[in-house]
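Peer 1: What follows is a structure written as structure tokens; I'll ask about it next.
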Amino acid sequence: MVESEHRPGRRALMVYSGLVVLPVVAAIILLGQGEGGAGVAVAKEASGPSLAQLLLAIAVVVGACKVVGWLAQRIGQPAVIGEITAGILLGPSVLGALWPSGAATLIPKATVPQLNVVAQLGVIFFVFLAGLELNTRLLRGRGRLALVVSHVSIALPFLLGVGLAMLAYTRFGTGGGFLPFALFFGVSMSITALPVLVRILHEIGLFRSEIGVVALTCAVIDDVTAWSLLALVIALTTASSLFGVVLTVVLTAAFVALLGLVVRPLLRKFVARSTAARLQKVAPLSVVGVLVCAMATEWIGVHAMFGAFVFGVVFPRDNPMATWLHDKAGGLTTALMLPLFFAYSGLRTDIGLLSGGGAWLWCGVILLVAVAGKFGGSALAARAVGENWNRSLQVGALMNCRGLTELVVLNIGLDLGVLSPTLFTMLVIMALVSTAMAAPLATWFARRDGRNVVDFPGRTSERAAA
């Protein structure tokens, strides 16, 4: 009885071995005979890095960004400072210099282009969410202050940047012409990273304070103006003729008008007439809209990010679709895609290029000009329209935050060949230092202000001034 029960199992094993295992082994042997196996090797080489290598690189990047980001928070800095620092540590500046073989194993050069593709998608969704978070209602009642401070915080640094570019071009110019070099230099000095500013205000407890609202209001106008200026600069840089520049500007204006005058009203009507359940079902289609808008501006010749940002600005807020995008796209972007962008920027940042006192002197001058234009200009403008010095200096410190948005601009300049690797490294250092200054300085000035009591990095309580 027992023997009869085992016979079907033995028979199945024999059939499986004869009709599955043996044919597979024979097929592998026959395939290996073709051209001595050279064809397989060539195909493997042409296919790029293995999936295991790519997954290892992603794991290393995300893990390093989270660990260094946590360490940054422990010393009173926002996590984004640690994440940017982690990208630099993984690049040739530290890991590549101290342990070249280990760096090549953890993040092989063949994986870098694939990391860049995922990173670019992360940046596209990041700027879309940045546009979605813009609260234009903050402008009510503070229009004069916001307009003056935000425009001064762009115009003055831009002017100083162009002036510095006149001195730096002979040493750091890439041969692409002075105009694009000076324009990118000026824009890089003028950036305020709105999403990073939001994170800083949350972490130091000033988000709901009066000065936090003022800073956010200024940053809203600053962000829109800066992205528009960047779009114009890219058009001037990439167009081969005056007609190309005009065509790019006209197409960009038409794209913005289409989204503002047609797409925005249609989206609002759809949201108003749909139930919450229906909006949740169609929410994933919003991702398609982001990608289509990004593709449109990339085709126009501006940049994919600009299309994603404008779509975020016109997208309806406070509805299940926006909530879904924040929860799903926002979480994936912050946890996975943006760390890859930090690593990609870090892999392109080589502090070893700053050899000698002259290079570091230039780096210091760039940092000084950037801080003087952004911090000083914003503070003076706020003081000129009626704020006291403590609150004006708080605004200046917060507007001096550059962060991720600056890295996006710098990577575009490097990709277009406008910025040299050496100048790119200097500007990355400037972005990191100026962003690291924002939280401690804003907190210190807030403590001196009688209307804000800050227990850094905890909460802020408001009290009436004596």
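Numbering starts fresh at 1 for the residues of each chain in the structure tokens, the chains themselves are lettered A, B, ... in the order given, and ligands are numbered from 1 as they appear.
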Go through segment 73-169 of chain A residue by residue and, counting only C-alpha atoms, keep those with an atom at most 10 Å from segment 402-409 of chain A; for each kept residue give the shortest atom pair and its distance in Å to one decimal, ordered by chain and increasing number, as a Markdown table.
Peer 2:
```
| residue | atom | partner | partner_atom | distance |
| --- | --- | --- | --- | --- |
| A:Val80 | CA | A:Gly403 | CA | 7.5 |
| A:Ile81 | CA | A:Gly403 | CA | 7.6 |
| A:Glu83 | CA | A:Leu404 | CA | 9.8 |
| A:Ile84 | CA | A:Leu404 | CA | 8.0 |
| A:Gln120 | CA | A:Val408 | CA | 9.5 |
| A:Val123 | CA | A:Val408 | CA | 7.7 |
| A:Phe126 | CA | A:Thr405 | CA | 9.5 |
| A:Val127 | CA | A:Thr405 | CA | 8.5 |
```
Peer 1: So that I have them on file, write out the residues from the current selection with N, CA and C atoms, as a PDB file, in the first residue's frame.
Peer 2:
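Just written: part_35.pdb:
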```pdb
ATOM      1  N   VAL A  80      17.352  67.958   4.873  1.00  0.00           N
ATOM      2  CA  VAL A  80      17.809  68.132   3.506  1.00  0.00           C
ATOM      3  C   VAL A  80      19.290  68.489   3.457  1.00  0.00           C
ATOM      4  N   ILE A  81      19.823  69.159   4.486  1.00  0.00           N
ATOM      5  CA  ILE A  81      21.254  69.464   4.538  1.00  0.00           C
ATOM      6  C   ILE A  81      22.054  68.168   4.590  1.00  0.00           C
ATOM      7  N   GLU A  83      21.045  65.237   3.570  1.00  0.00           N
ATOM      8  CA  GLU A  83      20.855  64.483   2.335  1.00  0.00           C
ATOM      9  C   GLU A  83      21.768  65.011   1.223  1.00  0.00           C
ATOM     10  N   ILE A  84      21.893  66.332   1.132  1.00  0.00           N
ATOM     11  CA  ILE A  84      22.810  66.896   0.134  1.00  0.00           C
ATOM     12  C   ILE A  84      24.250  66.530   0.477  1.00  0.00           C
ATOM     13  N   GLN A 120      15.859  62.358 -12.385  1.00  0.00           N
ATOM     14  CA  GLN A 120      15.152  63.395 -13.136  1.00  0.00           C
ATOM     15  C   GLN A 120      13.649  63.279 -12.951  1.00  0.00           C
ATOM     16  N   VAL A 123      12.926  64.859  -9.655  1.00  0.00           N
ATOM     17  CA  VAL A 123      12.938  66.317  -9.696  1.00  0.00           C
ATOM     18  C   VAL A 123      11.656  66.845 -10.328  1.00  0.00           C
ATOM     19  N   PHE A 126       9.053  66.585  -7.790  1.00  0.00           N
ATOM     20  CA  PHE A 126       9.361  67.525  -6.716  1.00  0.00           C
ATOM     21  C   PHE A 126       8.883  68.932  -7.059  1.00  0.00           C
ATOM     22  N   VAL A 127       9.206  69.411  -8.259  1.00  0.00           N
ATOM     23  CA  VAL A 127       8.803  70.776  -8.616  1.00  0.00           C
ATOM     24  C   VAL A 127       7.294  70.840  -8.838  1.00  0.00           C
TER      25      VAL A 127
END
```
Peer 1: Which residues come within 10 Å of segment 318-323 of chain A, counting only C-alpha atoms, excluding same-chain residues fewer than 6 positions away, as a list in words?
Peer 2: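 Surrounding residues, per the criterion: Leu129, Leu132, Glu133, Val271, Ala272, Thr275, Ala276, Ala277, Arg278, Leu279, Gln280, Lys281, Val282, Ala283, Pro284, Leu285, Ser286, Gly312, Ala329 and Gly330 of chain A.
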Peer 1: Identify which of the residues A:Lys328, A:Arg264, A:Lys66, A:Lys109 lies closest to Leu54 of chain A, counting only C-alpha atoms when measuring atom-to-atom distances.
Peer 2: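 Going through A:Lys328, A:Arg264, A:Lys66, A:Lys109 one by one, the smallest distance to Leu54 of chain A is for A:Lys109.
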Peer 1: Excluding segment 242-259 of chain A and its own-chain neighbours fewer than 4 positions away, which residues fall within 9 Å of it when counting only C-alpha atoms? Please give them as a short mmCIF file (atom, residue, chain, number, x, y, z; two decimals) with C-alpha atoms, in the first residue's frame.
Peer 2:
```cif
data_model
loop_
_atom_site.label_atom_id
_atom_site.label_comp_id
_atom_site.auth_asym_id
_atom_site.auth_seq_id
_atom_site.Cartn_x
_atom_site.Cartn_y
_atom_site.Cartn_z
CA ALA A 231 13.02 79.32 -18.33
CA LEU A 232 14.03 82.49 -20.16
CA ALA A 235 15.75 79.60 -23.93
CA LEU A 236 18.48 82.18 -24.52
CA THR A 237 21.16 79.56 -23.89
CA THR A 238 19.84 76.73 -26.05
CA VAL A 263 -6.82 73.56 -18.05
CA ARG A 264 -7.23 75.22 -14.65
CA PRO A 265 -10.96 76.07 -15.05
CA CYS A 293 3.27 68.94 -19.18
CA ALA A 296 5.70 69.68 -23.51
CA THR A 297 8.14 72.20 -22.03
CA ILE A 300 9.60 73.56 -26.38
CA GLY A 301 13.20 73.86 -25.23
CA VAL A 302 12.78 75.26 -21.73
CA GLY A 307 6.03 72.33 -17.23
CA VAL A 310 3.21 75.27 -13.85
CA PHE A 311 0.89 72.26 -13.77
CA VAL A 314 -2.84 75.45 -11.67
#
```
Peer 1: Output as a PyMOL selection string all residues of segment 56-264 of chain A that backbone DSSP marks as alpha helix (DSSP H).
Peer 2: chain A and resi 56-74+79-90+95-98+100-106+112-133+143-172+178-190+194-204+210-238+242-258+264
Peer 1: Using only C-alpha atoms, which of the listed residues (A:Thr422, A:Thr333, A:Thr443, A:Asn388) sits closest to Thr174 of chain A?
Peer 2: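 Looking only at the distances to Thr174 of chain A, the closest residue turns out to be A:Thr422.
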Peer 1: Calculated over only C-alpha atoms, which of the candidates A:Asn411, A:Thr334, A:Ser420, A:Asn400 has the smallest distance to Ala79 of chain A?
Peer 2: A:Thr334
Peer 1: Excluding Val214 of chain A and its own-chain neighbours fewer than 4 positions away, which residues fall within 8 Å of it when counting only C-alpha atoms? Please give them as a PyMOL selection string.
Peer 2: chain A and resi 142+146+210+218+395
Peer 1: Write a file of the selected residues as a PDB file, in the first residue's frame, keeping C-alpha atoms.
Peer 2:
```
ATOM      1  CA  ARG A 142       0.997  91.531   2.382  1.00  0.00           C
ATOM      2  CA  ALA A 146       6.075  90.428  -0.548  1.00  0.00           C
ATOM      3  CA  GLU A 210       3.765  85.801  11.577  1.00  0.00           C
ATOM      4  CA  CYS A 218       7.956  86.422  -0.218  1.00  0.00           C
ATOM      5  CA  VAL A 395      13.355  87.234   6.582  1.00  0.00           C
TER       6      VAL A 395
END
```
Peer 1: Find the spatial neighbours of Arg391 of chain A, counting only C-alpha atoms, within a cut-off of 9 Å - ignore same-chain residues fewer than 6 positions away - and output them as a list in words.
Peer 2: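 Counting only C-alpha atoms, the residues come to Ile211, Ala379, Ala382, Arg383, Ala442, Phe445, Ala446 and Asp449 of chain A.
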Peer 1: Could you write out that same residue set with N, CA and C atoms as an mmCIF file, in the first residue's frame?
Peer 2:
```cif
data_model
loop_
_atom_site.group_PDB
_atom_site.id
_atom_site.type_symbol
_atom_site.label_atom_id
_atom_site.label_comp_id
_atom_site.auth_asym_id
_atom_site.auth_seq_id
_atom_site.Cartn_x
_atom_site.Cartn_y
_atom_site.Cartn_z
ATOM 1 N N ILE A 211 6.156 85.828 11.185
ATOM 2 C CA ILE A 211 7.339 85.992 10.346
ATOM 3 C C ILE A 211 7.470 84.830 9.362
ATOM 4 N N ALA A 379 16.871 91.509 3.789
ATOM 5 C CA ALA A 379 16.748 92.176 5.089
ATOM 6 C C ALA A 379 16.559 93.680 4.915
ATOM 7 N N ALA A 382 13.001 94.359 3.634
ATOM 8 C CA ALA A 382 11.984 94.208 4.683
ATOM 9 C C ALA A 382 12.024 95.378 5.658
ATOM 10 N N ARG A 383 13.212 95.824 5.990
ATOM 11 C CA ARG A 383 13.345 96.969 6.890
ATOM 12 C C ARG A 383 12.787 98.233 6.236
ATOM 13 N N ALA A 442 17.899 82.211 11.579
ATOM 14 C CA ALA A 442 16.500 82.568 11.770
ATOM 15 C C ALA A 442 16.062 82.314 13.209
ATOM 16 N N PHE A 445 17.663 85.109 15.547
ATOM 17 C CA PHE A 445 16.967 86.390 15.439
ATOM 18 C C PHE A 445 15.545 86.301 16.000
ATOM 19 N N ALA A 446 14.930 85.117 15.882
ATOM 20 C CA ALA A 446 13.589 84.939 16.431
ATOM 21 C C ALA A 446 13.604 85.033 17.948
ATOM 22 N N ASP A 449 13.530 88.513 18.986
ATOM 23 C CA ASP A 449 12.291 89.221 18.687
ATOM 24 C C ASP A 449 11.283 88.933 19.797
#
```
Peer 1: Quote the spacing between atom CA of Ile124 of chain A and atom CA of Met305 of chain A in Å to one decimal place.
Peer 2: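 Distance between the two atoms: 5.1 Å.
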